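J.: Handing over run_9.txt, compact mmCIF, C-alpha atoms and all ligand atoms.
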```
# COMPACT_ATOMS: atom_id res chain seq x y z
CA MET A 1 22.29 48.53 -76.35
CA SER A 2 25.63 48.86 -78.11
CA LEU A 3 28.23 46.16 -77.90
CA LYS A 4 30.93 46.04 -75.23
CA GLN A 5 29.20 48.71 -73.16
CA LYS A 6 28.26 48.27 -69.56
CA THR A 7 24.85 46.65 -69.21
CA THR A 8 22.84 48.11 -66.33
CA ILE A 9 20.88 46.06 -63.80
CA GLU A 10 17.63 47.06 -65.54
CA GLN A 11 18.97 46.10 -68.98
CA ALA A 12 20.23 42.75 -67.65
CA ALA A 13 16.81 42.12 -66.09
CA LYS A 14 15.15 42.93 -69.44
CA LEU A 15 17.43 40.52 -71.30
CA LEU A 16 16.62 37.74 -68.84
CA GLN A 17 12.93 38.65 -68.90
CA SER A 18 12.76 38.35 -72.69
CA ALA A 19 14.55 34.98 -72.91
CA SER A 20 12.42 31.86 -72.48
CA SER A 21 15.45 29.68 -71.76
CA VAL A 22 18.67 30.62 -69.98
CA ALA A 23 21.94 28.72 -69.47
CA LEU A 24 23.99 29.85 -66.47
CA PHE A 25 27.75 29.17 -66.32
CA ALA A 26 29.56 29.08 -62.98
CA HIS A 27 33.35 29.40 -62.86
CA THR A 28 35.71 26.46 -62.65
CA ASN A 29 36.60 25.35 -59.07
CA PRO A 30 33.34 26.91 -57.94
CA ASP A 31 32.92 28.88 -54.72
CA GLY A 32 29.89 29.98 -52.74
CA ASP A 33 29.48 33.16 -54.75
CA THR A 34 29.38 31.72 -58.27
CA ILE A 35 27.09 28.86 -57.17
CA GLY A 36 24.91 30.97 -54.85
CA SER A 37 24.47 33.52 -57.66
CA CYS A 38 23.63 30.85 -60.26
CA ILE A 39 21.15 29.03 -58.04
CA GLY A 40 19.55 32.27 -56.83
CA LEU A 41 19.09 33.37 -60.43
CA LYS A 42 17.78 29.94 -61.47
CA LEU A 43 15.18 29.88 -58.67
CA ALA A 44 14.05 33.40 -59.61
CA LEU A 45 13.86 32.69 -63.36
CA GLU A 46 11.97 29.45 -62.76
CA GLN A 47 9.39 31.44 -60.83
CA LEU A 48 8.90 33.31 -64.11
CA GLY A 49 8.34 30.00 -65.92
CA LYS A 50 11.65 29.88 -67.76
CA LYS A 51 13.76 26.87 -68.61
CA VAL A 52 17.09 27.25 -66.81
CA CYS A 53 20.22 25.14 -66.52
CA ILE A 54 23.41 25.66 -64.51
CA CYS A 55 26.73 24.26 -65.76
CA CYS A 56 30.12 24.13 -64.11
CA ASP A 57 33.06 22.17 -65.46
CA SER A 58 34.13 21.05 -61.94
CA GLU A 59 32.58 18.88 -59.28
CA MET A 60 30.85 20.62 -56.37
CA THR A 61 32.90 20.76 -53.15
CA SER A 62 31.60 18.88 -50.12
CA ARG A 63 30.64 22.21 -48.53
CA LEU A 64 28.60 23.25 -51.55
CA LYS A 65 26.98 19.81 -51.64
CA ALA A 66 25.47 20.60 -48.21
CA PHE A 67 23.12 22.91 -50.14
CA GLU A 68 20.50 20.75 -51.85
CA GLN A 69 20.07 22.78 -55.03
CA THR A 70 23.69 22.13 -56.05
CA GLU A 71 22.41 18.73 -57.16
CA PHE A 72 21.06 20.52 -60.24
CA VAL A 73 24.44 21.87 -61.33
CA SER A 74 25.62 19.87 -64.34
CA GLN A 75 29.23 19.26 -65.38
CA GLN A 76 28.11 18.95 -68.99
CA PHE A 77 26.27 21.34 -71.21
CA VAL A 78 23.44 19.95 -73.32
CA GLY A 79 20.74 21.59 -75.37
CA LYS A 80 20.12 25.03 -76.78
CA TYR A 81 19.21 28.16 -74.88
CA GLU A 82 18.25 31.70 -75.85
CA LEU A 83 20.64 33.42 -73.44
CA TYR A 84 24.01 32.32 -72.06
CA VAL A 85 25.13 33.93 -68.80
CA ALA A 86 28.62 33.80 -67.25
CA VAL A 87 28.31 34.33 -63.51
CA ASP A 88 31.16 35.58 -61.26
CA CYS A 89 33.64 35.14 -64.15
CA SER A 90 36.24 37.86 -64.76
CA GLU A 91 37.42 36.28 -68.01
CA LEU A 92 36.11 33.76 -70.51
CA SER A 93 38.73 31.24 -69.35
CA ARG A 94 37.13 31.14 -65.89
CA ILE A 95 34.35 29.04 -67.46
CA GLY A 96 37.05 26.40 -67.90
CA GLU A 97 36.32 23.46 -70.15
CA LEU A 98 32.91 24.89 -71.05
CA SER A 99 34.46 28.17 -72.36
CA SER A 100 34.04 27.11 -75.99
CA VAL A 101 30.30 26.49 -75.52
CA PHE A 102 30.00 30.03 -74.21
CA SER A 103 32.21 31.70 -76.81
CA ASN A 104 30.33 29.95 -79.64
CA SER A 105 27.03 31.41 -78.44
CA ARG A 106 25.65 34.66 -79.80
CA GLU A 107 23.49 36.03 -76.99
CA THR A 108 25.85 36.24 -74.03
CA LEU A 109 25.74 38.16 -70.76
CA THR A 110 28.36 38.44 -68.03
CA ILE A 111 27.30 39.19 -64.46
CA ASP A 112 30.47 39.84 -62.49
CA HIS A 113 32.12 41.92 -59.78
CA HIS A 114 35.85 41.54 -60.58
CA GLY A 115 36.07 44.37 -63.12
CA GLY A 116 37.65 42.14 -65.74
CA ASP A 117 37.15 41.65 -69.47
CA TYR A 118 33.98 42.58 -71.31
CA PHE A 119 34.01 39.18 -73.00
CA SER A 120 30.26 38.84 -73.52
CA LYS A 121 27.90 40.73 -75.81
CA TYR A 122 26.32 42.26 -72.68
CA ASN A 123 28.33 42.89 -69.51
CA SER A 124 26.72 43.72 -66.21
CA ILE A 125 29.85 44.39 -64.18
CA TYR A 126 29.73 46.22 -60.88
CA ASN A 127 32.44 46.73 -58.33
CA TYR A 128 30.57 44.98 -55.51
CA ALA A 129 31.97 42.71 -52.82
CA SER A 130 30.10 39.71 -54.25
CA CYS A 131 28.38 38.72 -57.46
CA CYS A 132 25.29 37.79 -55.43
CA GLN A 133 24.69 41.50 -54.78
CA ILE A 134 24.30 42.16 -58.52
CA VAL A 135 22.04 39.11 -58.83
CA PHE A 136 20.00 40.39 -55.86
CA GLU A 137 19.37 43.67 -57.66
CA ILE A 138 18.56 41.93 -60.94
CA ILE A 139 16.03 39.68 -59.18
CA LYS A 140 14.43 42.73 -57.57
CA ALA A 141 14.24 44.38 -61.01
CA LEU A 142 12.58 41.20 -62.35
CA GLY A 143 9.88 41.65 -59.70
CA VAL A 144 10.27 38.11 -58.37
CA GLU A 145 9.13 37.39 -54.81
CA PHE A 146 11.81 36.34 -52.35
CA ASN A 147 11.48 33.29 -50.14
CA ALA A 148 13.77 31.63 -47.58
CA GLU A 149 15.39 29.29 -50.12
CA LEU A 150 16.23 32.02 -52.62
CA ALA A 151 17.48 34.26 -49.79
CA THR A 152 19.75 31.49 -48.47
CA TYR A 153 21.51 31.03 -51.84
CA LEU A 154 22.13 34.75 -52.25
CA TYR A 155 23.37 34.92 -48.66
CA LEU A 156 25.74 32.05 -49.46
CA GLY A 157 27.61 34.21 -51.97
CA LEU A 158 27.51 37.38 -49.93
CA CYS A 159 28.78 35.67 -46.80
CA THR A 160 31.55 33.61 -48.43
CA ASP A 161 32.98 36.35 -50.70
CA THR A 162 33.19 38.76 -47.76
CA GLY A 163 34.78 36.20 -45.41
CA ASN A 164 31.65 36.29 -43.24
CA PHE A 165 31.56 40.11 -43.45
CA ALA A 166 35.16 40.53 -42.35
CA HIS A 167 37.15 41.40 -45.50
CA ASN A 168 37.98 44.94 -46.54
CA ASN A 169 35.49 44.70 -49.42
CA VAL A 170 32.61 44.95 -46.93
CA ASP A 171 30.54 48.11 -46.98
CA SER A 172 27.15 49.13 -45.64
CA ASN A 173 25.43 47.70 -48.75
CA CYS A 174 26.57 44.21 -47.71
CA PHE A 175 24.95 44.57 -44.30
CA TYR A 176 21.85 46.14 -45.80
CA MET A 177 21.44 43.19 -48.18
CA ALA A 178 22.16 40.73 -45.36
CA GLY A 179 19.42 42.42 -43.34
CA GLU A 180 16.94 42.07 -46.20
CA LEU A 181 17.88 38.42 -46.78
CA CYS A 182 17.51 37.79 -43.04
CA LYS A 183 13.98 39.19 -43.22
CA PHE A 184 13.20 36.77 -46.07
CA GLY A 185 14.36 33.88 -43.86
CA ALA A 186 17.90 33.10 -45.13
CA ASP A 187 19.52 30.28 -43.16
CA ILE A 188 22.42 32.33 -41.82
CA GLU A 189 23.49 29.79 -39.22
CA LYS A 190 23.79 26.98 -41.79
CA VAL A 191 25.93 29.02 -44.18
CA TYR A 192 28.29 30.03 -41.37
CA ARG A 193 28.54 26.50 -39.98
CA VAL A 194 29.14 24.82 -43.34
CA PHE A 195 31.66 27.35 -44.72
CA PHE A 196 33.45 28.65 -41.65
CA ARG A 197 33.28 25.96 -38.94
CA ASP A 198 32.54 22.42 -40.13
CA THR A 199 35.53 20.21 -40.76
CA THR A 200 36.36 16.49 -40.78
CA PHE A 201 39.06 14.60 -38.89
CA ALA A 202 41.00 14.02 -42.14
CA GLU A 203 40.78 17.72 -43.07
CA THR A 204 42.05 18.72 -39.64
CA LYS A 205 45.01 16.35 -40.03
CA LEU A 206 45.74 17.85 -43.46
CA LEU A 207 45.66 21.32 -41.93
CA ALA A 208 48.09 20.19 -39.24
CA LYS A 209 50.45 18.91 -41.95
CA ALA A 210 50.22 22.16 -43.91
CA LEU A 211 50.78 24.31 -40.81
CA SER A 212 53.76 22.23 -39.74
CA ARG A 213 55.61 23.02 -42.98
CA ILE A 214 55.02 26.75 -43.38
CA ARG A 215 58.12 28.48 -44.70
CA SER A 216 59.01 32.12 -44.06
CA TYR A 217 60.60 34.48 -46.65
CA TYR A 218 61.67 38.12 -46.83
CA ASP A 219 62.07 38.61 -43.07
CA GLY A 220 58.63 37.26 -42.30
CA LYS A 221 56.75 39.29 -44.93
CA MET A 222 55.86 36.19 -46.92
CA PHE A 223 54.76 32.75 -45.73
CA LEU A 224 54.10 29.70 -47.86
CA THR A 225 52.93 26.15 -47.41
CA TYR A 226 52.01 23.28 -49.69
CA ILE A 227 49.92 20.14 -50.02
CA THR A 228 50.95 17.31 -52.31
CA VAL A 229 48.98 14.65 -54.16
CA ALA A 230 50.54 12.13 -51.75
CA ASP A 231 49.18 14.04 -48.71
CA LEU A 232 45.71 14.05 -50.20
CA SER A 233 45.68 10.38 -51.12
CA GLU A 234 47.08 9.35 -47.72
CA LEU A 235 44.15 11.07 -46.03
CA GLY A 236 41.57 10.14 -48.68
CA LEU A 237 40.90 13.80 -49.54
CA ASP A 238 40.71 15.75 -52.77
CA HIS A 239 42.14 19.20 -53.48
CA THR A 240 38.82 20.98 -52.96
CA THR A 241 39.18 20.47 -49.20
CA THR A 242 42.30 22.64 -49.00
CA SER A 243 40.67 26.01 -49.65
CA GLY A 244 40.70 27.29 -46.05
CA ILE A 245 44.38 26.61 -45.38
CA VAL A 246 45.70 29.83 -46.92
CA SER A 247 43.80 31.90 -44.30
CA TYR A 248 46.03 30.49 -41.57
CA VAL A 249 49.12 31.42 -43.57
CA ILE A 250 48.15 35.08 -44.10
CA ASP A 251 47.01 35.38 -40.45
CA ILE A 252 50.63 35.32 -39.22
CA ALA A 253 51.64 38.70 -37.80
CA GLY A 254 53.80 40.65 -40.25
CA ALA A 255 52.72 38.62 -43.28
CA LYS A 256 52.03 40.62 -46.44
CA ILE A 257 51.64 37.55 -48.65
CA GLY A 258 50.31 34.14 -47.66
CA VAL A 259 50.50 31.29 -50.15
CA CYS A 260 49.14 27.76 -50.18
CA ILE A 261 50.15 25.57 -53.09
CA CYS A 262 48.09 22.49 -53.73
CA GLU A 263 49.15 19.75 -56.12
CA VAL A 264 45.95 18.85 -57.94
CA THR A 265 47.49 16.19 -60.17
CA PRO A 266 51.20 15.24 -60.23
CA ASN A 267 53.28 18.38 -60.97
CA HIS A 268 50.19 20.52 -61.59
CA PHE A 269 49.61 23.09 -58.84
CA LYS A 270 46.68 25.27 -57.88
CA VAL A 271 48.07 28.31 -56.08
CA SER A 272 46.03 30.32 -53.56
CA MET A 273 47.36 33.71 -52.46
CA ARG A 274 46.14 36.16 -49.87
CA GLY A 275 47.52 39.65 -49.19
CA LYS A 276 47.56 42.15 -46.35
CA ASP A 277 48.09 45.70 -47.69
CA PHE A 278 49.64 44.02 -50.73
CA SER A 279 48.33 43.15 -54.19
CA VAL A 280 48.63 39.41 -54.67
CA ARG A 281 46.69 39.82 -57.90
CA ASP A 282 49.79 41.34 -59.49
CA VAL A 283 51.82 38.31 -58.46
CA CYS A 284 49.20 35.85 -59.75
CA LYS A 285 48.89 37.75 -63.05
CA GLU A 286 52.56 37.00 -63.73
CA PHE A 287 51.51 33.34 -63.85
CA GLY A 288 48.41 33.91 -65.97
CA GLY A 289 46.03 33.92 -62.99
CA GLY A 290 44.10 36.68 -61.28
CA GLY A 291 41.29 37.42 -58.87
CA HIS A 292 40.97 40.15 -56.28
CA VAL A 293 43.70 42.45 -54.97
CA LEU A 294 43.86 40.64 -51.63
CA ALA A 295 42.70 37.15 -52.73
CA SER A 296 43.95 35.68 -55.96
CA GLY A 297 44.96 32.44 -57.56
CA CYS A 298 46.80 30.87 -60.46
CA ARG A 299 47.92 27.51 -61.80
CA ILE A 300 51.57 26.55 -62.24
CA ASP A 301 53.07 23.33 -63.59
CA GLY A 302 56.46 21.95 -62.59
CA PHE A 303 58.30 20.24 -59.76
CA LEU A 304 57.22 21.40 -56.30
CA GLU A 305 60.49 23.11 -55.34
CA ASP A 306 60.74 24.85 -58.74
CA VAL A 307 57.18 26.13 -58.42
CA ILE A 308 57.91 27.45 -54.92
CA GLU A 309 61.12 29.09 -56.12
CA LYS A 310 59.28 30.84 -58.99
CA ILE A 311 56.53 32.19 -56.72
CA VAL A 312 59.01 33.43 -54.12
CA ARG A 313 61.09 35.14 -56.83
CA VAL A 314 58.11 36.90 -58.47
CA ALA A 315 56.71 37.99 -55.08
CA GLY A 316 60.15 39.42 -54.32
CA TYR A 317 59.85 41.99 -57.15
CA THR A 318 57.18 43.92 -55.24
CA ILE A 319 57.28 42.91 -51.61
P1 LIG A 401 41.18 30.78 -54.17
O1 LIG A 401 42.52 30.99 -53.59
O2 LIG A 401 41.07 29.57 -55.02
O3 LIG A 401 40.10 30.93 -53.14
O4 LIG A 401 40.97 32.00 -55.19
C1 LIG A 401 40.94 33.32 -54.76
C2 LIG A 401 40.37 34.19 -55.84
O5 LIG A 401 41.26 34.20 -56.94
C3 LIG A 401 39.05 33.67 -56.38
O6 LIG A 401 37.98 34.40 -55.86
C4 LIG A 401 39.14 33.86 -57.86
O7 LIG A 401 38.51 35.08 -58.19
C5 LIG A 401 40.59 34.05 -58.17
N1 LIG A 401 41.26 32.95 -58.88
C6 LIG A 401 41.64 31.75 -58.39
N2 LIG A 401 42.29 31.03 -59.30
C7 LIG A 401 42.34 31.78 -60.42
C8 LIG A 401 42.89 31.58 -61.74
N3 LIG A 401 43.54 30.46 -62.08
N4 LIG A 401 42.73 32.57 -62.63
C9 LIG A 401 42.08 33.72 -62.30
N5 LIG A 401 41.55 33.97 -61.09
C10 LIG A 401 41.67 33.03 -60.15
MN MN A 402 34.12 33.31 -57.26
MN MN A 403 32.70 36.38 -56.37
```
Take the structure in this file and express it as C-alpha cells.
Ligand code: AMP
Ligand code: MN
Ligand code: MN
T.:
Amino acid sequence: MSLKQKTTIEQAAKLLQSASSVALFAHTNPDGDTIGSCIGLKLALEQLGKKVCICCDSEMTSRLKAFEQTEFVSQQFVGKYELYVAVDCSELSRIGELSSVFSNSRETLTIDHHGGDYFSKYNSIYNYASCCQIVFEIIKALGVEFNAELATYLYLGLCTDTGNFAHNNVDSNCFYMAGELCKFGADIEKVYRVFFRDTTFAETKLLAKALSRIRSYYDGKMFLTYITVADLSELGLDHTTTSGIVSYVIDIAGAKIGVCICEVTPNHFKVSMRGKDFSVRDVCKEFGGGGHVLASGCRIDGFLEDVIEKIVRVAGYTI
C-alpha cells in the first residue's frame, strides 16, 4: 500500500486484522455516528480478541449516555497501541485535544465519509451518508458475527447522520443496511426515541427561548438564533443539549440557511448551520470550520452581536 492513497475496505480490514491492539479516536463534540462507529468497531475487534480503546476529548452527551457502551469511551489517552484509527474525522483537528497523540503515531488509519484530508498513513474514505456504513463493510470483511448490540451501535450512526433516513444523503444502501441491522436485532425504537423524541422540561424551555428570538435576514432566506452561557446556567443545562435547535430554524419556509449560535464559554461560540439547496459548508469554511454541504459547523470567538454580524455578512456573499 503506498502512502496517501485510498485504502479499500479489504485493506482496512487487513490492517485491523493484523494489529493486536487498536486505539479508536472519535471526533470532538461527538455525535451518534462517530461514537456508534467506534463502539461498533470496538465490539467487533474484541470478538477477535484484540485490545481496543476509544478516546474522545469531550464528554458524552446525555443522549449518547443512554447507550451503555459509551461508558467505555475515555477522555484521556493512555498506553501504546499498534494501530491508531480516526473515525468520522474529516481533518486531524477534528480529534481535538487528542490530535497530537494521533499525529505522533506512525501507524494511522482514517475511516471517514466527509471526503476531507488524507491525514493518516492509510485513509479509508468513502462518500457514504454515514461513517457507520464503512465500518459495517469493514466488520463484514473481518468475518465477525453480528449480534443485536453491535447492530444497534451501527444503526445509531446510520440513523443519526441521515436524520432518521430523511436527509438528501439517503440512498438505497442506507435502507439496505438498516434492513440487515434490523434482522440482527438492532434496537431501532430506542435510537429513534433517544435521538429524535426524548427531551427534558429544561431543554424544552431552552428551545422556547431560542425560537422566540429567531432573526430573519435577506428577505427570509436566512434565519438565525442564539443561546448564551447565561441561558444555559439559568436552566442548569450545558451546550451539548442545544444540538437539535438548528433544525427548527432551517425548517422555516423559504429559509436557505438556518443558524444556531451557542455560547460554550463566555465569548466563545459553537456555530451550527443547516442549508436547503445551499452550501453552508462554504460559509463555515470561511471561519475555519467545515462539515457537510447541508450541515456544517464552526467556532467563532467574540462578542455575541459581532459574531452574528460576521456570520450574516459572510452568508451574504453567496445567498
Ligand atoms: P453540528 O451543527 O454540530 O451538528 O455539526 C454539523 C456538522 O458539521 C457535523 O456533522 C460536523 O461534520 C461538522 N462540524 C461541526 N463543527 C465543525 C468544526 N468546528 N469544524 C469542522 N466541521 C465541523
Ligand atoms: Mn460526525
Ligand atoms: Mn458522520
J.: Scan for residues within 9 Å of the point (21.8, 24.7, -54.6) in the coordinates of the file, using only C-alpha atoms, and reply as a list in words.
T.: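 It turns out the residues near that spot are Ile35, Gly36, Cys38, Ile39, Gly40, Leu64, Lys65, Ala66, Phe67, Glu68, Gln69, Thr70, Glu71, Phe72, Val73 and Tyr153 of chain A.
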J.: I'd like the interatomic distance between CA of Tyr128 (chain A) and CA of Ser172 (chain A), to a tenth of an Å.
T.: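 Answer for the CA of Tyr128 (chain A) to CA of Ser172 (chain A) separation: 11.2 Å.
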J.: Do you have the CA of Cys174 (chain A)-CA of Tyr155 (chain A) distance handy?
T.: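 These two atoms are separated by 9.9 Å.
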J.: Once you count all atoms listed in the file, what closest atom pair and distance in Å to one decimal does each residue of region 219-268 of chain A within 7 Å of region 276-280 of chain A have, with rows by chain and rising residue number, as CSV?
T.:
```
residue,atom,partner,partner_atom,distance
A:Ala255,CA,A:Lys276,CA,7.0
A:Lys256,CA,A:Lys276,CA,4.7
A:Ile257,CA,A:Lys276,CA,6.6
```
J.: Can you list every residue of chain A that has an atom at most 12 Å from ligand MN 402 (chain A), with its nearest atom pair and the distance in Å to one decimal, using all atoms listed in the file, ordered by chain then number, as CSV?
T.:
```
residue,atom,partner,partner_atom,distance
A:Phe25,CA,A:MN402,MN,11.8
A:Ala26,CA,A:MN402,MN,8.5
A:His27,CA,A:MN402,MN,6.9
A:Thr28,CA,A:MN402,MN,8.9
A:Asn29,CA,A:MN402,MN,8.5
A:Pro30,CA,A:MN402,MN,6.5
A:Asp31,CA,A:MN402,MN,5.2
A:Gly32,CA,A:MN402,MN,7.0
A:Asp33,CA,A:MN402,MN,5.3
A:Thr34,CA,A:MN402,MN,5.1
A:Ile35,CA,A:MN402,MN,8.3
A:Gly36,CA,A:MN402,MN,9.8
A:Ser37,CA,A:MN402,MN,9.7
A:Cys38,CA,A:MN402,MN,11.2
A:Ala86,CA,A:MN402,MN,11.4
A:Val87,CA,A:MN402,MN,8.6
A:Asp88,CA,A:MN402,MN,5.5
A:Cys89,CA,A:MN402,MN,7.1
A:Ser90,CA,A:MN402,MN,9.0
A:Glu91,CA,A:MN402,MN,11.6
A:Arg94,CA,A:MN402,MN,9.4
A:Ile95,CA,A:MN402,MN,11.1
A:Ile111,CA,A:MN402,MN,11.5
A:Asp112,CA,A:MN402,MN,9.1
A:His113,CA,A:MN402,MN,9.2
A:His114,CA,A:MN402,MN,9.0
A:Ala129,CA,A:MN402,MN,10.6
A:Ser130,CA,A:MN402,MN,8.1
A:Cys131,CA,A:MN402,MN,7.9
A:Cys132,CA,A:MN402,MN,10.1
A:Leu156,CA,A:MN402,MN,11.5
A:Gly157,CA,A:MN402,MN,8.4
A:Leu158,CA,A:MN402,MN,10.7
A:Cys159,CA,A:MN402,MN,12.0
A:Thr160,CA,A:MN402,MN,9.2
A:Asp161,CA,A:MN402,MN,7.3
A:Thr162,CA,A:MN402,MN,11.0
A:Gly290,CA,A:MN402,MN,11.3
A:Gly291,CA,A:MN402,MN,8.4
A:His292,CA,A:MN402,MN,9.7
A:Ala295,CA,A:MN402,MN,10.4
A:Ser296,CA,A:MN402,MN,10.2
A:Gly297,CA,A:MN402,MN,10.9
```
J.: Quick one: everything within 12 Å of Glu286 (chain A), counting only C-alpha atoms, minus sequence neighbours fewer than 4 positions away in the same chain. Send it as a PyMOL selection string.
T.: chain A and resi 280-282+290+296-300+310-311+313-315+317-318
J.: Can you list, as an mmCIF file with C-alpha atoms, keeping the file's coordinate frame, every protein, DNA or RNA residue that comes within 9 Å of Phe303 (chain A) when you count all atoms listed in the file, leaving out same-chain residues fewer than 5 positions away?
T.:
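Written file, part24.cif:
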```cif
data_model
loop_
_atom_site.group_PDB
_atom_site.id
_atom_site.type_symbol
_atom_site.label_atom_id
_atom_site.label_comp_id
_atom_site.auth_asym_id
_atom_site.auth_seq_id
_atom_site.Cartn_x
_atom_site.Cartn_y
_atom_site.Cartn_z
ATOM 1 C CA PRO A 266 51.200 15.240 -60.230
ATOM 2 C CA ASN A 267 53.280 18.380 -60.970
ATOM 3 C CA HIS A 268 50.190 20.520 -61.590
ATOM 4 C CA ILE A 308 57.910 27.450 -54.920
#
```
J.: Between A:Cys260, A:Leu43, A:Ile245, A:Val135, which one has atoms that come closest to ligand MN 403 (chain A), using all atoms listed in the file?
T.: A:Val135
J.: Return the single residue from A:Ala148, A:Met177, A:Cys182, A:Ile125 that is closest to ligand MN 403 (chain A), with distances computed using all atoms listed in the file.
T.: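 Among A:Ala148, A:Met177, A:Cys182, A:Ile125, it is A:Ile125 that comes nearest to ligand MN 403 (chain A).
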J.: Looking at only C-alpha atoms and all ligand atoms, which of A:Ser74, A:Gln133, A:Ser93, A:Thr152 is the one that sits closest to ligand LIG 401 (chain A)?
T.: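 Closest to ligand LIG 401 (chain A) of all the choices is A:Ser93.
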J.: Enter the distance from CA of Glu305 (chain A) to CA of Cys262 (chain A), in Å, rounded to one decimal.
T.: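 We find that CA of Glu305 (chain A) and CA of Cys262 (chain A) lie 12.5 Å from each other.
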J.: For the contact check between region 21-96 of chain A and region 105-109 of chain A, emit one row per residue of region 21-96 of chain A within 10 Å, containing the shortest atom pair and the distance in Å rounded to one decimal, counting all atoms listed in the file, chain then rising number order, as a tab-separated table.
T.:
```
residue	atom	partner	partner_atom	distance
A:Val22	CA	A:Thr108	CA	10.0
A:Ala23	CA	A:Thr108	CA	9.6
A:Leu24	CA	A:Leu109	CA	9.5
A:Lys80	CA	A:Ser105	CA	9.6
A:Tyr81	CA	A:Ser105	CA	9.2
A:Glu82	CA	A:Glu107	CA	6.9
A:Leu83	CA	A:Glu107	CA	5.2
A:Tyr84	CA	A:Thr108	CA	4.8
A:Val85	CA	A:Leu109	CA	4.7
A:Ala86	CA	A:Leu109	CA	6.3
A:Val87	CA	A:Leu109	CA	8.6
```
J.: Within 10 Å of (37.2, 19.5, -46.1) (file coordinates; all atoms listed in the file), which protein or nucleic acid residues are there? I'd like them as a PyMOL selection string.
T.: chain A and resi 61-63+195+198-204+206-207+237-244
J.: Could you turn the residues from that selection into a file that holds C-alpha atoms, as a PDB file, in the frame of the given file?
T.:
```
ATOM      1  CA  THR A  61      32.900  20.760 -53.150  1.00  0.00           C
ATOM      2  CA  SER A  62      31.600  18.880 -50.120  1.00  0.00           C
ATOM      3  CA  ARG A  63      30.640  22.210 -48.530  1.00  0.00           C
ATOM      4  CA  PHE A 195      31.660  27.350 -44.720  1.00  0.00           C
ATOM      5  CA  ASP A 198      32.540  22.420 -40.130  1.00  0.00           C
ATOM      6  CA  THR A 199      35.530  20.210 -40.760  1.00  0.00           C
ATOM      7  CA  THR A 200      36.360  16.490 -40.780  1.00  0.00           C
ATOM      8  CA  PHE A 201      39.060  14.600 -38.890  1.00  0.00           C
ATOM      9  CA  ALA A 202      41.000  14.020 -42.140  1.00  0.00           C
ATOM     10  CA  GLU A 203      40.780  17.720 -43.070  1.00  0.00           C
ATOM     11  CA  THR A 204      42.050  18.720 -39.640  1.00  0.00           C
ATOM     12  CA  LEU A 206      45.740  17.850 -43.460  1.00  0.00           C
ATOM     13  CA  LEU A 207      45.660  21.320 -41.930  1.00  0.00           C
ATOM     14  CA  LEU A 237      40.900  13.800 -49.540  1.00  0.00           C
ATOM     15  CA  ASP A 238      40.710  15.750 -52.770  1.00  0.00           C
ATOM     16  CA  HIS A 239      42.140  19.200 -53.480  1.00  0.00           C
ATOM     17  CA  THR A 240      38.820  20.980 -52.960  1.00  0.00           C
ATOM     18  CA  THR A 241      39.180  20.470 -49.200  1.00  0.00           C
ATOM     19  CA  THR A 242      42.300  22.640 -49.000  1.00  0.00           C
ATOM     20  CA  SER A 243      40.670  26.010 -49.650  1.00  0.00           C
ATOM     21  CA  GLY A 244      40.700  27.290 -46.050  1.00  0.00           C
TER      22      GLY A 244
END
```
J.: I'd like the contact shell of region 15-18 of chain A - 9 Å cut-off, all atoms listed in the file, skipping same-chain residues fewer than 5 positions apart - returned as a list in words.
T.: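 Those residues are Glu10, Leu45, Leu48, Lys50, Leu83, Leu109 and Leu142 of chain A.
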J.: Could you check the closest approach to Ile227 (chain A) for each of A:Ser272, A:Ser100, A:Thr7, A:Ser58 and tell me which residue wins, using only C-alpha atoms?
T.: A:Ser272
J.: Kindly list the centre and edge lengths in Å, rounded to one decimal, for the axis-aligned box that covers all listed atoms of ligand LIG 401 (chain A) plus 6 Å on each of its six sides, as JSON.
T.:
```
{"center_x": 40.8, "center_y": 32.3, "center_z": -57.9, "size_x": 17.6, "size_y": 17.5, "size_z": 21.5}
```
J.: Restricting the calculation to all atoms listed in the file: of A:Leu98, A:Ile319, A:Val283, A:Cys53, which residue gets closest to ligand LIG 401 (chain A)?
T.: A:Val283
